[in-house]
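To be precise, the following lines are coords-v6.txt, and they hold compact mmCIF, C-alpha atoms.
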# COMPACT_ATOMS: atom_id res chain seq x y z
CA GLN A 167 -3.02 43.27 -16.72
CA LYS A 168 0.74 43.38 -17.03
CA GLU A 169 2.27 46.71 -17.93
CA VAL A 170 4.13 45.29 -20.91
CA GLU A 171 3.09 42.09 -22.63
CA GLN A 172 4.90 40.22 -25.35
CA ASN A 173 3.96 37.22 -27.44
CA SER A 174 5.41 34.51 -25.31
CA GLY A 175 7.03 32.44 -28.01
CA PRO A 176 9.33 30.73 -28.43
CA LEU A 177 9.50 31.80 -32.04
CA SER A 178 11.40 29.81 -34.61
CA VAL A 179 12.05 30.99 -38.16
CA PRO A 180 14.28 29.72 -40.95
CA GLU A 181 17.35 31.66 -41.95
CA GLY A 182 16.48 34.46 -44.37
CA ALA A 183 12.87 34.77 -43.20
CA ILE A 184 11.22 37.72 -41.47
CA ALA A 185 10.83 37.43 -37.71
CA SER A 186 7.97 39.42 -36.18
CA LEU A 187 7.95 40.25 -32.49
CA ASN A 188 5.00 41.96 -30.85
CA CYS A 189 4.38 43.92 -27.68
CA THR A 190 1.46 45.74 -26.07
CA TYR A 191 1.59 48.16 -23.16
CA SER A 192 -0.96 49.51 -20.70
CA ASP A 193 0.24 53.03 -19.80
CA ARG A 194 -1.00 55.57 -22.36
CA GLY A 195 1.44 58.10 -20.94
CA SER A 196 4.40 56.12 -22.22
CA GLN A 197 6.67 58.25 -24.34
CA SER A 198 9.43 55.97 -25.48
CA PHE A 199 9.67 52.39 -26.57
CA PHE A 200 12.67 50.15 -26.82
CA TRP A 201 13.74 46.77 -28.04
CA TYR A 202 16.57 45.00 -26.28
CA ARG A 203 18.31 41.83 -27.35
CA GLN A 204 19.64 39.47 -24.72
CA TYR A 205 21.89 36.57 -25.56
CA SER A 206 21.94 33.69 -23.14
CA GLY A 207 24.04 34.54 -20.11
CA LYS A 208 24.53 38.14 -21.19
CA SER A 209 22.99 41.46 -20.28
CA PRO A 210 20.26 43.18 -22.32
CA GLU A 211 21.57 45.26 -25.21
CA LEU A 212 19.60 48.12 -26.76
CA ILE A 213 18.99 47.57 -30.47
CA MET A 214 16.11 49.89 -31.38
CA PHE A 215 14.09 52.74 -29.94
CA ILE A 216 11.06 54.56 -31.28
CA TYR A 217 9.14 57.58 -30.05
CA SER A 218 6.70 58.47 -32.82
CA ASN A 219 3.90 56.58 -34.49
CA GLY A 220 4.93 54.76 -37.63
CA ASP A 221 7.95 52.80 -38.68
CA LYS A 222 11.61 53.24 -37.92
CA GLU A 223 14.17 51.28 -39.87
CA ASP A 224 17.76 50.49 -38.93
CA GLY A 225 19.43 48.00 -41.21
CA ARG A 226 17.57 44.71 -41.03
CA PHE A 227 15.49 45.90 -38.08
CA THR A 228 12.21 47.81 -38.26
CA ALA A 229 10.35 49.03 -35.21
CA GLN A 230 6.68 49.89 -35.58
CA LEU A 231 4.65 51.94 -33.11
CA ASN A 232 0.91 52.50 -32.89
CA LYS A 233 0.10 54.56 -29.81
CA ALA A 234 -3.64 54.46 -30.40
CA SER A 235 -3.54 50.67 -30.20
CA GLN A 236 -0.77 50.70 -27.59
CA TYR A 237 1.21 48.36 -29.74
CA VAL A 238 4.85 48.17 -30.71
CA SER A 239 6.55 45.57 -32.86
CA LEU A 240 9.96 44.61 -34.16
CA LEU A 241 10.56 43.07 -37.56
CA ILE A 242 13.85 41.40 -38.37
CA ARG A 243 14.37 40.91 -42.08
CA ASP A 244 16.73 38.33 -43.55
CA SER A 245 17.02 36.64 -40.16
CA GLN A 246 20.40 35.16 -39.34
CA PRO A 247 21.36 32.46 -36.83
CA SER A 248 23.21 35.21 -34.94
CA ASP A 249 19.83 36.86 -34.31
CA SER A 250 18.88 33.93 -32.07
CA ALA A 251 18.31 35.51 -28.67
CA THR A 252 15.59 36.71 -26.35
CA TYR A 253 14.06 40.02 -27.40
CA LEU A 254 12.73 42.28 -24.67
CA CYS A 255 10.22 45.03 -25.25
CA ALA A 256 10.56 47.97 -22.87
CA VAL A 257 8.32 50.94 -22.31
CA ASN A 258 9.24 54.13 -20.51
CA PRO A 259 6.54 56.26 -18.92
CA ASN A 260 8.87 57.31 -16.09
CA ASP A 261 11.07 54.31 -15.65
CA MET A 262 11.76 51.32 -17.82
CA ARG A 263 9.31 48.43 -17.63
CA PHE A 264 10.15 45.28 -19.51
CA GLY A 265 8.08 42.56 -21.03
CA ALA A 266 8.83 38.93 -20.31
CA GLY A 267 10.71 38.56 -23.58
CA THR A 268 10.30 36.44 -26.68
CA ARG A 269 12.89 33.81 -27.41
CA LEU A 270 13.77 33.75 -31.09
CA THR A 271 15.60 30.90 -32.79
CA VAL A 272 16.77 31.27 -36.37
CA LYS A 273 17.48 27.89 -37.91
CA PRO A 274 20.16 27.57 -40.61
CA ASP B 129 33.95 54.73 -21.25
CA ALA B 130 34.06 51.34 -19.56
CA GLY B 131 30.30 51.10 -19.39
CA VAL B 132 28.33 50.15 -16.31
CA ILE B 133 30.54 48.13 -13.99
CA GLN B 134 29.11 45.61 -11.58
CA SER B 135 30.82 43.48 -8.98
CA PRO B 136 31.08 40.72 -8.18
CA ARG B 137 30.19 38.79 -11.35
CA HIS B 138 29.23 35.74 -9.37
CA GLU B 139 28.34 35.34 -5.72
CA VAL B 140 27.56 32.14 -3.88
CA THR B 141 26.52 32.52 -0.29
CA GLU B 142 24.78 30.61 2.42
CA MET B 143 21.26 31.36 3.52
CA GLY B 144 21.21 34.00 6.23
CA GLN B 145 24.37 35.74 5.12
CA GLU B 146 24.54 39.36 4.06
CA VAL B 147 25.17 40.03 0.38
CA THR B 148 26.29 43.34 -1.12
CA LEU B 149 26.22 43.99 -4.83
CA ARG B 150 28.02 46.97 -6.29
CA CYS B 151 27.55 49.17 -9.30
CA LYS B 152 29.42 52.00 -10.96
CA PRO B 153 27.27 53.81 -13.55
CA ILE B 154 28.52 55.48 -16.71
CA SER B 155 29.97 58.89 -15.98
CA GLY B 156 27.41 61.59 -16.73
CA HIS B 157 24.43 59.29 -16.37
CA ASN B 158 22.28 60.61 -13.55
CA SER B 159 19.75 57.79 -13.38
CA LEU B 160 20.58 54.38 -11.96
CA PHE B 161 18.41 51.31 -11.86
CA TRP B 162 18.60 47.94 -10.14
CA TYR B 163 16.85 45.02 -11.83
CA ARG B 164 16.49 41.37 -10.93
CA GLN B 165 16.04 38.69 -13.57
CA THR B 166 14.73 35.18 -13.07
CA MET B 167 13.26 32.66 -15.47
CA MET B 168 9.92 32.79 -13.71
CA ARG B 169 9.51 36.55 -13.31
CA GLY B 170 11.65 37.99 -16.07
CA LEU B 171 13.32 41.37 -15.59
CA GLU B 172 11.91 43.20 -12.59
CA LEU B 173 12.71 46.76 -11.60
CA LEU B 174 13.68 46.86 -7.93
CA ILE B 175 14.58 50.50 -7.38
CA TYR B 176 15.83 53.52 -9.27
CA PHE B 177 17.69 56.68 -8.39
CA ASN B 178 17.77 60.11 -10.01
CA ASN B 179 20.69 62.31 -8.99
CA ASN B 180 21.52 59.87 -6.18
CA VAL B 181 18.03 60.14 -4.69
CA PRO B 182 15.81 57.03 -4.54
CA ILE B 183 12.69 57.76 -6.58
CA ASP B 184 10.76 54.51 -6.61
CA ASP B 185 11.54 51.49 -4.47
CA SER B 186 8.17 49.83 -4.84
CA GLY B 187 9.81 46.90 -6.57
CA MET B 188 12.00 46.01 -3.62
CA PRO B 189 10.57 42.67 -2.56
CA GLU B 190 10.86 43.08 1.19
CA ASP B 191 12.70 44.77 3.99
CA ARG B 192 15.62 42.43 3.60
CA PHE B 193 16.55 44.42 0.51
CA SER B 194 18.08 47.87 0.69
CA ALA B 195 19.87 50.09 -1.81
CA LYS B 196 22.02 53.16 -1.49
CA MET B 197 23.67 55.62 -3.79
CA PRO B 198 26.07 57.72 -1.72
CA ASN B 199 27.46 59.53 -4.76
CA ALA B 200 27.03 59.79 -8.51
CA SER B 201 29.54 57.04 -9.24
CA PHE B 202 28.57 54.27 -6.86
CA SER B 203 25.55 52.30 -5.71
CA THR B 204 25.01 49.21 -3.62
CA LEU B 205 22.20 46.70 -3.30
CA LYS B 206 22.23 44.79 -0.05
CA ILE B 207 20.31 41.70 0.97
CA GLN B 208 20.30 40.83 4.65
CA PRO B 209 19.59 38.07 5.48
CA SER B 210 19.72 36.31 2.13
CA GLU B 211 17.37 33.46 1.24
CA PRO B 212 17.49 30.81 -1.52
CA ARG B 213 14.61 32.52 -3.35
CA ASP B 214 16.84 35.58 -3.80
CA SER B 215 18.93 33.56 -6.27
CA ALA B 216 18.82 35.48 -9.54
CA VAL B 217 20.86 37.67 -11.82
CA TYR B 218 20.94 41.25 -10.59
CA PHE B 219 21.52 43.94 -13.17
CA CYS B 220 22.42 47.55 -12.68
CA ALA B 221 21.67 50.01 -15.49
CA SER B 222 22.22 53.71 -15.97
CA SER B 223 20.86 56.35 -18.31
CA LEU B 224 20.98 60.00 -19.21
CA PRO B 225 18.40 62.33 -17.64
CA SER B 226 15.66 61.87 -20.22
CA PRO B 227 12.65 59.57 -20.50
CA LEU B 228 13.61 59.23 -24.14
CA GLY B 229 16.93 57.61 -23.38
CA GLY B 230 17.65 53.94 -23.37
CA TYR B 231 19.44 52.22 -20.56
CA THR B 232 22.90 50.73 -20.57
CA PHE B 233 23.16 47.57 -18.53
CA GLY B 234 26.07 46.20 -16.60
CA SER B 235 27.15 42.60 -17.00
CA GLY B 236 25.13 41.53 -13.99
CA THR B 237 25.82 39.66 -10.78
CA ARG B 238 24.69 36.06 -10.66
CA LEU B 239 23.68 35.40 -7.07
CA THR B 240 23.21 31.91 -5.72
CA VAL B 241 22.00 31.47 -2.17
CA VAL B 242 22.34 27.91 -0.89
For this file, produce the structure as structure tokens.
Amino acid sequence: QKEVEQNSGPLSVPEGAIASLNCTYSDRGSQSFFWYRQYSGKSPELIMFIYSNGDKEDGRFTAQLNKASQYVSLLIRDSQPSDSATYLCAVNPNDMRFGAGTRLTVKP
Amino acid sequence: DAGVIQSPRHEVTEMGQEVTLRCKPISGHNSLFWYRQTMMRGLELLIYFNNNVPIDDSGMPEDRFSAKMPNASFSTLKIQPSEPRDSAVYFCASSLPSPLGGYTFGSGTRLTVV
């Protein structure tokens, strides 16, 4: 079992829709959870982090964490074409382990 | 702050040659990480340092790879001899001393071994 698994995608949504990205992790000792966005040819950029069970909202982005289920998700509301990128889930028990990423395309 | 600085941005080398990638972390960040990214394997952690000391190098693929951090502001990743399968984008990242902190990535070095 991989340490961090993401829905493989690719995911395509129309502009204005909600994009839902999911991630599961194997290490119950993980304390912090991150979502990175990576545009093609660029480096990963941190967009959200969450430490506690529940939801955390930041503008159009909502991160959700369920430690009992070892599940973390990212919702993007009112998706825009500029949101088209690969989204990487990362989990930090002691060092950062990344999922394979989900490629999101938002179609105008 | 200029962020995490990596050099070179691109490197093309012939198989068998030595390659050295360089990284300058953000000032005040005491953790430094080297990652490799390929389409097939995604983003893989190679090695990380805390306070200039290597903590976990289990991700280093083989003895051809070595990394050093002689001081808090500089690290190198060396491949000797290089092979075509080493072709990838190599990222350096740094963070504050907390498991709760996110990482800041450099722009990466795109390595092509021909």
Would you list the contacts of A:Ala256 as JSON, numbers by chain, taking every protein, DNA or RNA residue within 6 Å and counting only C-alpha atoms, but skipping same-chain residues closer than 3 positions in sequence?
{"A": [199, 200, 263, 264]}
Enumerate, in order of chain and increasing residue number, the residues of chain B with an atom no farther than 9 Å from chain A, each with its shortest atom pair and distance in Å to one decimal, counting all atoms listed in the file, as CSV.
residue,atom,partner,partner_atom,distance
B:Phe161,CA,A:Asp261,CA,8.8
B:Arg169,CA,A:Ala266,CA,7.4
B:Gly170,CA,A:Ala266,CA,5.2
B:Leu171,CA,A:Phe264,CA,6.4
B:Glu172,CA,A:Phe264,CA,7.4
B:Leu173,CA,A:Arg263,CA,7.1
B:Tyr176,CA,A:Asp261,CA,8.0
B:Phe219,CA,A:Ser209,CA,7.7
B:Pro227,CA,A:Asn260,CA,6.2
B:Leu228,CA,A:Ser198,CA,5.5
B:Gly229,CA,A:Ser198,CA,8.0
B:Gly230,CA,A:Leu212,CA,7.0
B:Tyr231,CA,A:Leu212,CA,7.4
B:Thr232,CA,A:Glu211,CA,7.3
B:Phe233,CA,A:Ser209,CA,6.4
B:Gly234,CA,A:Ser209,CA,6.7
B:Ser235,CA,A:Ser209,CA,5.4
B:Gly236,CA,A:Ser209,CA,6.6
Need to verify the contact set: B:Thr148, 12 Å, all atoms listed in the file, exclusion of same-chain residues closer than 6 positions in sequence. Can you return it as a list in words?
Gln134, Ser135, Pro136, Arg137, His138, Glu139, Val140, Thr141, Arg192, Phe193, Ser194, Ala195, Lys196, Ser203, Thr204, Leu205, Lys206, Ile207, Gln208, Pro209, Ser210, Tyr218, Thr237 and Leu239 of chain B
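Here atom CA of B:Phe177 is placed at a distance of 23.8 Å from atom CA of A:Gln204.
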Using all atoms listed in the file, can you tell me which of B:Val181, B:Ala200, B:Leu224, B:Ile175 comes closest to B:Lys152?
B:Ala200
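Restricting the calculation to all atoms listed in the file, the smallest distance between A:Ser248 and any of A:Glu181, A:Asp224, A:Asn188, A:Arg194 is found for A:Glu181.
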Counting only C-alpha atoms, note down every residue that has an atom within 10 Å of the point (19.0, 45.9, -45.6) (file coordinates), as an NGL selection string.
:A and (223-227 or 242-244)
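Atom pair atom CA of A:Gly182 / atom CA of A:Asn219 has a distance of 27.3 Å (rounded to one decimal).
Atom CA of B:Asn158 is found 5.1 Å from atom CA of B:Asn179.
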Skipping near chain neighbours, those fewer than 6 positions away, what residues fall within 12 Å of A:Ser245 using all atoms listed in the file, listed as a compact mmCIF listing (two decimals) with C-alpha atoms, in the coordinates of the input?
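Final file, around_36.txt:
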# COMPACT_ATOMS: atom_id res chain seq x y z
CA SER A 178 11.40 29.81 -34.61
CA VAL A 179 12.05 30.99 -38.16
CA PRO A 180 14.28 29.72 -40.95
CA GLU A 181 17.35 31.66 -41.95
CA GLY A 182 16.48 34.46 -44.37
CA ALA A 183 12.87 34.77 -43.20
CA ILE A 184 11.22 37.72 -41.47
CA ALA A 185 10.83 37.43 -37.71
CA SER A 186 7.97 39.42 -36.18
CA GLY A 225 19.43 48.00 -41.21
CA ARG A 226 17.57 44.71 -41.03
CA PHE A 227 15.49 45.90 -38.08
CA ALA A 251 18.31 35.51 -28.67
CA LEU A 270 13.77 33.75 -31.09
CA THR A 271 15.60 30.90 -32.79
CA VAL A 272 16.77 31.27 -36.37
CA LYS A 273 17.48 27.89 -37.91
CA PRO A 274 20.16 27.57 -40.61
Please return as a ChimeraX atom specification every residue within 9 Å of (15.6, 31.1, -26.5), taking into account only C-alpha atoms and the file's own coordinates.
/A:175-177,205-206,250-252,268-271
Return the single residue from A:Pro247, A:Tyr253, A:Gln236, A:Leu187 that is closest to A:Val170, with distances computed using all atoms listed in the file.
A:Gln236
